[in-house]
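Shown next: entry.pdb, containing PDB, C-alpha atoms.
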```pdb
ATOM      1  CA  MET A 305      25.686  32.465 -38.387
ATOM      2  CA  THR A 306      23.933  33.154 -35.087
ATOM      3  CA  ASP A 307      24.121  36.307 -32.993
ATOM      4  CA  ALA A 308      22.507  38.176 -30.135
ATOM      5  CA  ALA A 309      19.547  39.047 -32.360
ATOM      6  CA  LEU A 310      18.640  35.295 -32.369
ATOM      7  CA  PRO A 311      18.700  34.397 -28.663
ATOM      8  CA  HIS A 312      17.145  30.922 -29.187
ATOM      9  CA  VAL A 313      19.507  29.860 -32.001
ATOM     10  CA  PHE A 314      23.112  28.671 -31.646
ATOM     11  CA  ASP A 315      25.820  26.831 -33.585
ATOM     12  CA  ALA A 316      26.323  23.343 -32.157
ATOM     13  CA  THR A 317      29.739  21.638 -32.067
ATOM     14  CA  ALA A 318      30.848  18.128 -31.198
ATOM     15  CA  ALA A 319      32.877  19.444 -28.269
ATOM     16  CA  ARG A 320      29.866  20.976 -26.549
ATOM     17  CA  PHE A 321      27.039  18.848 -27.972
ATOM     18  CA  GLU A 322      26.544  16.862 -24.771
ATOM     19  CA  GLU A 323      26.115  20.016 -22.692
ATOM     20  CA  GLU A 324      24.369  22.344 -25.136
ATOM     21  CA  VAL A 325      21.996  19.830 -26.756
ATOM     22  CA  ILE A 326      21.592  16.604 -24.773
ATOM     23  CA  ARG A 327      21.583  18.090 -21.254
ATOM     24  CA  ARG A 328      19.738  21.207 -22.335
ATOM     25  CA  SER A 329      16.984  19.078 -23.869
ATOM     26  CA  MET A 330      16.159  17.795 -20.378
ATOM     27  CA  GLU A 331      14.540  21.163 -19.766
ATOM     28  CA  THR A 332      13.896  22.604 -23.237
ATOM     29  CA  PRO A 333      13.342  20.716 -26.502
ATOM     30  CA  VAL A 334      16.204  21.194 -28.976
ATOM     31  CA  LEU A 335      15.612  21.162 -32.724
ATOM     32  CA  VAL A 336      18.866  20.256 -34.504
ATOM     33  CA  ASP A 337      19.256  21.540 -38.070
ATOM     34  CA  PHE A 338      21.932  19.706 -40.071
ATOM     35  CA  TRP A 339      22.835  21.930 -43.016
ATOM     36  CA  ALA A 340      25.608  22.903 -45.447
ATOM     37  CA  THR A 341      26.617  26.110 -47.158
ATOM     38  CA  TRP A 342      26.309  24.504 -50.630
ATOM     39  CA  CYS A 343      22.794  23.164 -49.962
ATOM     40  CA  GLY A 344      20.035  25.049 -51.794
ATOM     41  CA  PRO A 345      17.052  23.789 -49.722
ATOM     42  CA  CYS A 346      19.011  24.623 -46.547
ATOM     43  CA  LYS A 347      18.933  28.277 -47.551
ATOM     44  CA  SER A 348      15.136  28.256 -47.554
ATOM     45  CA  LEU A 349      14.618  26.024 -44.495
ATOM     46  CA  GLY A 350      17.160  27.733 -42.221
ATOM     47  CA  PRO A 351      15.445  31.153 -42.084
ATOM     48  CA  ILE A 352      12.048  29.522 -41.427
ATOM     49  CA  LEU A 353      13.450  27.534 -38.490
ATOM     50  CA  GLU A 354      15.099  30.672 -37.090
ATOM     51  CA  LYS A 355      11.816  32.578 -37.448
ATOM     52  CA  LEU A 356       9.953  29.832 -35.572
ATOM     53  CA  ALA A 357      12.574  29.852 -32.808
ATOM     54  CA  ALA A 358      11.911  33.577 -32.384
ATOM     55  CA  ASP A 359       8.123  33.200 -32.638
ATOM     56  CA  TYR A 360       8.072  30.435 -30.005
ATOM     57  CA  HIS A 361       9.984  32.626 -27.500
ATOM     58  CA  GLY A 362      12.114  29.829 -26.067
ATOM     59  CA  ALA A 363       9.568  26.988 -26.155
ATOM     60  CA  PHE A 364      12.344  25.234 -28.067
ATOM     61  CA  VAL A 365      15.883  26.154 -29.097
ATOM     62  CA  LEU A 366      17.456  25.654 -32.504
ATOM     63  CA  ALA A 367      20.921  24.070 -32.780
ATOM     64  CA  LYS A 368      22.605  24.598 -36.167
ATOM     65  CA  VAL A 369      25.117  21.958 -37.287
ATOM     66  CA  ASP A 370      27.278  22.653 -40.353
ATOM     67  CA  VAL A 371      27.930  19.102 -41.573
ATOM     68  CA  ASP A 372      31.138  20.083 -43.359
ATOM     69  CA  LYS A 373      32.629  21.516 -40.175
ATOM     70  CA  GLU A 374      31.080  18.946 -37.814
ATOM     71  CA  GLN A 375      31.550  15.677 -39.734
ATOM     72  CA  GLU A 376      31.768  13.719 -36.480
ATOM     73  CA  LEU A 377      28.267  14.829 -35.481
ATOM     74  CA  ALA A 378      26.881  14.168 -38.953
ATOM     75  CA  ALA A 379      28.292  10.635 -38.818
ATOM     76  CA  ALA A 380      26.957  10.026 -35.303
ATOM     77  CA  PHE A 381      23.430  10.944 -36.448
ATOM     78  CA  GLN A 382      23.883   9.027 -39.727
ATOM     79  CA  ILE A 383      23.042  12.098 -41.807
ATOM     80  CA  ARG A 384      22.815  11.025 -45.461
ATOM     81  CA  SER A 385      21.386  14.250 -46.935
ATOM     82  CA  VAL A 386      20.871  17.843 -45.972
ATOM     83  CA  PRO A 387      18.873  19.492 -44.736
ATOM     84  CA  THR A 388      17.900  17.025 -42.051
ATOM     85  CA  VAL A 389      16.161  18.080 -38.840
ATOM     86  CA  MET A 390      16.197  16.125 -35.578
ATOM     87  CA  LEU A 391      14.258  16.761 -32.374
ATOM     88  CA  VAL A 392      16.000  16.026 -29.085
ATOM     89  CA  LYS A 393      13.742  16.007 -26.035
ATOM     90  CA  GLY A 394      14.329  14.734 -22.514
ATOM     91  CA  GLY A 395      17.877  13.760 -23.458
ATOM     92  CA  GLN A 396      16.652  11.480 -26.271
ATOM     93  CA  LEU A 397      16.343  11.724 -30.055
ATOM     94  CA  VAL A 398      12.563  11.486 -30.500
ATOM     95  CA  ASP A 399      11.873  12.332 -34.136
ATOM     96  CA  GLY A 400      13.191  13.944 -37.280
ATOM     97  CA  PHE A 401      12.726  14.417 -41.014
ATOM     98  CA  PRO A 402      14.853  14.984 -44.109
ATOM     99  CA  GLY A 403      14.339  17.844 -46.558
ATOM    100  CA  ALA A 404      12.761  21.276 -46.301
ATOM    101  CA  LEU A 405       9.175  21.573 -45.035
ATOM    102  CA  PRO A 406       6.943  24.668 -45.281
ATOM    103  CA  GLU A 407       6.279  26.655 -42.136
ATOM    104  CA  GLY A 408       2.801  25.233 -41.609
ATOM    105  CA  GLN A 409       4.061  21.652 -41.552
ATOM    106  CA  LEU A 410       6.916  22.614 -39.264
ATOM    107  CA  ARG A 411       4.425  24.087 -36.793
ATOM    108  CA  GLU A 412       2.390  20.876 -36.991
ATOM    109  CA  PHE A 413       5.552  18.851 -36.329
ATOM    110  CA  LEU A 414       6.276  20.904 -33.216
ATOM    111  CA  LYS A 415       2.651  20.725 -32.048
ATOM    112  CA  HIS A 416       2.667  16.943 -32.458
ATOM    113  CA  HIS A 417       5.465  16.845 -29.893
ATOM    114  CA  GLY A 418       3.689  19.182 -27.490
ATOM    115  CA  ILE A 419       5.696  22.281 -28.386
ATOM    116  CA  GLU A 420       3.532  25.410 -28.456
ATOM    117  CA  PRO A 421       4.594  29.083 -28.670
ATOM    118  CA  ALA A 422       5.449  30.585 -25.291
ATOM    119  CA  ALA A 423       4.301  34.019 -24.226
ATOM    120  CA  ALA A 424       6.552  36.870 -25.279
ATOM    121  CA  PRO A 425       8.655  38.225 -22.401
ATOM    122  CA  GLU A 426       7.314  41.440 -20.979
ATOM    123  CA  GLU A 427       9.234  44.498 -22.086
ATOM    124  CA  THR A 428      10.947  46.486 -19.391
ATOM    125  CA  ALA A 429       8.553  49.206 -18.393
ATOM    126  CA  ALA A 430       9.701  52.679 -19.261
ATOM    127  CA  PRO A 431      10.427  54.809 -16.220
ATOM    128  CA  GLU A 432       7.485  56.945 -15.234
ATOM    129  CA  ALA A 433       7.798  60.552 -16.227
ATOM    130  CA  ALA A 434       8.368  62.924 -13.363
ATOM    131  CA  PRO A 435       5.158  64.725 -12.358
ATOM    132  CA  PRO A 436       4.941  68.310 -13.624
ATOM    133  CA  VAL A 437       6.302  70.913 -11.229
ATOM    134  CA  ASP A 438       3.634  72.976  -9.486
ATOM    135  CA  PRO A 439       4.617  76.585 -10.339
ATOM    136  CA  HIS A 440       3.199  77.885  -7.045
ATOM    137  CA  ALA A 441       5.258  75.348  -5.093
ATOM    138  CA  GLU A 442       8.281  76.299  -7.209
ATOM    139  CA  VAL A 443       7.802  79.978  -6.285
ATOM    140  CA  MET A 444       7.770  79.056  -2.580
ATOM    141  CA  ARG A 445      10.862  76.871  -2.968
ATOM    142  CA  LEU A 446      12.786  79.599  -4.774
ATOM    143  CA  ARG A 447      11.813  82.267  -2.219
ATOM    144  CA  LYS A 448      13.293  80.098   0.531
ATOM    145  CA  ALA A 449      16.393  79.414  -1.560
ATOM    146  CA  ILE A 450      16.918  83.163  -2.101
ATOM    147  CA  GLU A 451      16.520  83.804   1.632
ATOM    148  CA  ALA A 452      19.319  81.322   2.224
ATOM    149  CA  ALA A 453      21.504  82.679  -0.609
ATOM    150  CA  PRO A 454      20.456  86.289  -1.354
ATOM    151  CA  ASP A 455      23.471  86.922  -3.601
ATOM    152  CA  GLN A 456      22.551  84.135  -6.046
ATOM    153  CA  ASP A 457      21.180  86.122  -8.998
ATOM    154  CA  GLU A 458      20.498  82.921 -10.955
ATOM    155  CA  LEU A 459      17.896  82.032  -8.340
ATOM    156  CA  LYS A 460      16.226  85.411  -8.831
ATOM    157  CA  LEU A 461      15.956  84.756 -12.567
ATOM    158  CA  ASP A 462      14.470  81.344 -11.806
ATOM    159  CA  LEU A 463      11.980  83.014  -9.458
ATOM    160  CA  ALA A 464      10.997  85.542 -12.136
ATOM    161  CA  LEU A 465      10.309  82.720 -14.576
ATOM    162  CA  ALA A 466       8.242  80.850 -11.988
ATOM    163  CA  LEU A 467       6.286  83.992 -11.117
ATOM    164  CA  LEU A 468       5.356  84.455 -14.772
ATOM    165  CA  GLN A 469       3.590  81.095 -14.608
ATOM    166  CA  THR A 470       1.560  82.125 -11.581
ATOM    167  CA  GLY A 471       0.455  85.559 -12.738
ATOM    168  CA  GLY A 472       3.079  87.487 -10.753
ATOM    169  CA  ALA A 473       4.123  89.630 -13.706
ATOM    170  CA  VAL A 474       4.771  92.804 -11.704
ATOM    171  CA  GLU A 475       7.198  91.135  -9.297
ATOM    172  CA  ALA A 476       8.763  89.176 -12.144
ATOM    173  CA  GLU A 477       9.457  92.395 -14.059
ATOM    174  CA  ARG A 478      11.015  93.970 -10.974
ATOM    175  CA  LEU A 479      13.312  90.988 -10.538
ATOM    176  CA  LEU A 480      14.320  91.055 -14.210
ATOM    177  CA  ASP A 481      15.096  94.787 -14.048
ATOM    178  CA  ALA A 482      17.418  94.181 -11.087
ATOM    179  CA  LEU A 483      19.463  91.441 -12.750
ATOM    180  CA  PRO A 484      23.155  92.142 -13.394
ATOM    181  CA  ALA A 485      24.346  92.736 -16.967
ATOM    182  CA  ASN A 486      25.606  89.190 -17.484
ATOM    183  CA  LEU A 487      22.104  87.808 -16.854
ATOM    184  CA  ALA A 488      20.165  90.620 -18.514
ATOM    185  CA  THR A 489      21.091  89.207 -21.921
ATOM    186  CA  ASP A 490      20.611  85.578 -20.936
ATOM    187  CA  ASP A 491      18.295  83.714 -23.337
ATOM    188  CA  ARG A 492      15.955  82.949 -20.466
ATOM    189  CA  THR A 493      15.779  86.630 -19.569
ATOM    190  CA  VAL A 494      14.975  87.584 -23.165
ATOM    191  CA  LYS A 495      12.222  84.987 -23.286
ATOM    192  CA  ALA A 496      10.943  86.113 -19.892
ATOM    193  CA  ARG A 497      10.604  89.709 -21.120
ATOM    194  CA  ALA A 498       8.705  88.436 -24.134
ATOM    195  CA  ARG A 499       6.406  86.612 -21.724
ATOM    196  CA  LEU A 500       5.906  89.854 -19.842
ATOM    197  CA  GLY A 501       4.497  91.345 -23.028
ATOM    198  CA  PHE A 502       1.872  88.616 -23.063
ATOM    199  CA  ALA A 503       1.306  88.899 -19.324
ATOM    200  CA  ALA A 504       0.550  92.612 -19.707
ATOM    201  CA  LEU A 505      -2.373  91.673 -21.944
ATOM    202  CA  LEU A 506      -3.961  89.785 -19.072
ATOM    203  CA  GLN A 507      -4.523  92.744 -16.766
ATOM    204  CA  ASP A 508      -8.204  92.625 -15.808
ATOM    205  CA  ALA A 509      -8.755  89.656 -18.160
ATOM    206  CA  PRO A 510     -11.311  87.023 -17.095
ATOM    207  CA  PRO A 511      -9.982  83.744 -15.649
ATOM    208  CA  ALA A 512      -9.302  80.834 -17.985
ATOM    209  CA  GLU A 513     -12.500  79.012 -16.961
ATOM    210  CA  THR A 514     -14.658  81.998 -17.921
ATOM    211  CA  LEU A 515     -12.883  82.365 -21.252
ATOM    212  CA  ALA A 516     -13.263  78.649 -22.006
ATOM    213  CA  ALA A 517     -16.975  78.856 -21.216
ATOM    214  CA  ALA A 518     -17.348  81.846 -23.539
ATOM    215  CA  ILE A 519     -15.678  79.912 -26.376
ATOM    216  CA  ALA A 520     -17.870  76.873 -25.730
ATOM    217  CA  ALA A 521     -20.941  79.104 -26.001
ATOM    218  CA  ASP A 522     -19.630  80.919 -29.085
ATOM    219  CA  PRO A 523     -16.667  79.328 -30.913
ATOM    220  CA  GLY A 524     -16.386  82.510 -32.971
ATOM    221  CA  ASP A 525     -15.580  84.664 -29.925
ATOM    222  CA  LEU A 526     -12.056  85.506 -31.081
ATOM    223  CA  ARG A 527     -11.371  87.958 -28.249
ATOM    224  CA  ALA A 528     -11.971  85.163 -25.732
ATOM    225  CA  ARG A 529      -9.817  82.812 -27.822
ATOM    226  CA  HIS A 530      -6.979  85.326 -27.882
ATOM    227  CA  LEU A 531      -7.044  85.918 -24.138
ATOM    228  CA  LEU A 532      -7.326  82.193 -23.388
ATOM    229  CA  GLY A 533      -4.393  81.514 -25.707
ATOM    230  CA  VAL A 534      -2.342  84.165 -23.916
ATOM    231  CA  ARG A 535      -3.294  82.730 -20.510
ATOM    232  CA  GLN A 536      -2.300  79.234 -21.596
ATOM    233  CA  LEU A 537       0.965  80.455 -23.089
ATOM    234  CA  VAL A 538       1.912  82.421 -19.968
ATOM    235  CA  ALA A 539       0.954  79.442 -17.784
ATOM    236  CA  GLY A 540       3.383  77.233 -19.706
ATOM    237  CA  ASP A 541       0.908  75.312 -21.877
ATOM    238  CA  ALA A 542       2.417  76.471 -25.165
ATOM    239  CA  GLU A 543       0.712  73.894 -27.346
ATOM    240  CA  ALA A 544      -2.774  74.844 -26.128
ATOM    241  CA  GLY A 545      -2.041  78.566 -26.459
ATOM    242  CA  LEU A 546      -0.713  78.236 -29.992
ATOM    243  CA  ALA A 547      -3.730  76.121 -30.918
ATOM    244  CA  GLN A 548      -6.016  79.021 -29.919
ATOM    245  CA  PHE A 549      -4.053  81.455 -32.100
ATOM    246  CA  ILE A 550      -4.146  79.023 -35.038
ATOM    247  CA  GLU A 551      -7.911  78.649 -34.659
ATOM    248  CA  MET A 552      -8.254  82.446 -34.658
ATOM    249  CA  LEU A 553      -6.262  82.583 -37.885
ATOM    250  CA  ARG A 554      -8.381  79.822 -39.394
ATOM    251  CA  ARG A 555     -11.636  81.635 -38.548
ATOM    252  CA  ASP A 556     -10.655  85.214 -39.425
ATOM    253  CA  ARG A 557      -7.095  86.131 -40.347
ATOM    254  CA  ALA A 558      -7.983  89.849 -40.480
ATOM    255  CA  TYR A 559      -9.438  90.022 -36.966
ATOM    256  CA  GLY A 560      -7.864  92.748 -34.820
ATOM    257  CA  ASP A 561      -5.611  93.929 -37.643
ATOM    258  CA  GLY A 562      -3.993  90.487 -37.990
ATOM    259  CA  LEU A 563      -3.911  89.805 -34.241
ATOM    260  CA  ALA A 564      -3.661  86.018 -34.660
ATOM    261  CA  ARG A 565      -0.618  86.228 -36.944
ATOM    262  CA  LYS A 566       1.094  88.784 -34.676
ATOM    263  CA  SER A 567       0.380  86.664 -31.601
ATOM    264  CA  LEU A 568       1.837  83.577 -33.256
ATOM    265  CA  ILE A 569       5.016  85.403 -34.275
ATOM    266  CA  ASP A 570       5.458  86.802 -30.756
ATOM    267  CA  ALA A 571       4.785  83.368 -29.278
ATOM    268  CA  PHE A 572       7.456  81.760 -31.457
ATOM    269  CA  ARG A 573      10.009  83.967 -29.641
ATOM    270  CA  VAL A 574       8.825  82.615 -26.298
ATOM    271  CA  VAL A 575       8.167  78.905 -26.888
ATOM    272  CA  GLU A 576      11.249  76.739 -26.322
ATOM    273  CA  ASP A 577       9.925  73.583 -27.985
ATOM    274  CA  GLU A 578      11.477  73.872 -31.453
ATOM    275  CA  ASP A 579       9.507  70.926 -32.858
ATOM    276  CA  LEU A 580       6.246  72.503 -31.713
ATOM    277  CA  VAL A 581       7.219  75.880 -33.151
ATOM    278  CA  GLY A 582       8.166  74.299 -36.469
ATOM    279  CA  ARG A 583       4.885  72.407 -36.678
ATOM    280  CA  VAL A 584       2.776  75.458 -35.880
ATOM    281  CA  ARG A 585       4.791  77.641 -38.276
ATOM    282  CA  ARG A 586       3.868  75.252 -41.069
ATOM    283  CA  GLN A 587       0.199  75.390 -40.055
ATOM    284  CA  MET A 588       0.310  79.195 -40.031
ATOM    285  CA  SER A 589       1.954  79.328 -43.451
ATOM    286  CA  ALA A 590      -0.609  76.947 -44.911
ATOM    287  CA  LEU A 591      -3.479  79.093 -43.610
ATOM    288  CA  LEU A 592      -1.950  82.345 -44.832
ATOM    289  CA  LEU A 593      -1.397  80.902 -48.296
ATOM    290  CA  VAL A 594      -4.994  79.770 -48.711
TER     291      VAL A 594
END
```
Reformat the file's structure so that it appears as structure tokens.
Amino acid sequence: MTDAALPHVFDATAARFEEEVIRRSMETPVLVDFWATWCGPCKSLGPILEKLAADYHGAFVLAKVDVDKEQELAAAFQIRSVPTVMLVKGGQLVDGFPGALPEGQLREFLKHHGIEPAAAPEETAAPEAAPPVDPHAEVMRLRKAIEAAPDQDELKLDLALALLQTGGAVEAERLLDALPANLATDDRTVKARARLGFAALLQDAPPAETLAAAIAADPGDLRARHLLGVRQLVAGDAEAGLAQFIEMLRRDRAYGDGLARKSLIDAFRVVEDEDLVGRVRRQMSALLLV
């Protein structure tokens, strides 16, 4: 009847009653529920007692005694009807009652004997997420790694990807062009070349801060929105970049001969977060169908 999901509830037996109930009650009060499978009121009382045991977080434990299986215990406690509940505290039987009581009266019974809910145990803290990698530091690390292993073409692809996040599009393109055939068709290479298309749009473009200021001054400045979205996308902040393109589409879907829609479609080829792409695709479709 009890399992790991009910850590403060257990089935009591005559063989272990001294240890599990009497001795245990020296430290933690034990509520003993005498019940039977054929007993109707037991079926309503039992779940309430188990709920209280969980709610009180170990302030007391609940011992379940099936009187048909444990007739010796039932006789020792002179159980004449079920359900009957007994409270064992400090190694002594201190109180009890026959019949099923509602939850409120059960709480009052426990309170009368100084039993109050304990604080819930603190959940194990989730491990802290690793801090985001600084793309500039990653470029430096990869340059040193390539110096140590110049024949490792995988490292050169990694460097090209890192350079695309720091604005080094020209060097990134040169590295991609020099990759061997087996890496030229790698998914990361294909995505990197798509990023290069966006990076090419940023030649002579204002920095992100200037573009953000322009949008703050005029939210309808769609050119600034487009360039900021491209900058954010190239820098690795796909969600922010896609949000700029969606806002362009929301404000004027015809701007720049459908520039927002084209930018979104191109971005979907670059962004690796499938959930994000799916969510933004639905937003785009909803706006285009309006």
Open item on the list: Report as a ChimeraX atom specification all protein, DNA and RNA residues lying within 9 Å of Leu410 (chain A), evaluated on all atoms listed in the file, omitting residues in the same chain fewer than 5 positions from it.
Closed with: /A:352-353,356,405,415
TODO: Taking the file as shown, find all residues satisfying the PyMOL selection byres ((chain A and resi 541) around 12) and write them as an MDAnalysis selection string.
DONE: chainID A and resid 436 469 532:540 542:548 571 574:577 580
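Coordinates place CA of Gly418 (chain A) at a distance of 21.5 Å from CA of Lys368 (chain A).
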Task: Spatial sel., origin (8.6, 26.0, -28.7), limit 12 Å, only C-alpha atoms, listed as JSON, numbers by chain - done: {"A": [312, 329, 331, 332, 333, 334, 335, 353, 354, 355, 356, 357, 358, 359, 360, 361, 362, 363, 364, 365, 366, 391, 393, 410, 411, 412, 413, 414, 415, 416, 417, 418, 419, 420, 421, 422, 423, 424]}
- [ ] Spell out the residues picked by the PyMOL selection byres ((chain A and resi 565) around 10) here, as a ChimeraX atom specification.
- [x] /A:549-550,552-553,557-564,566-571,588-589,592
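Across the model, the gap from CA of Thr341 (chain A) to CA of Phe401 (chain A) is 19.2 Å.
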Task: Point-to-point distance in Å for CA of Leu479 (chain A) and CA of Lys460 (chain A) - done: 6.5 Å
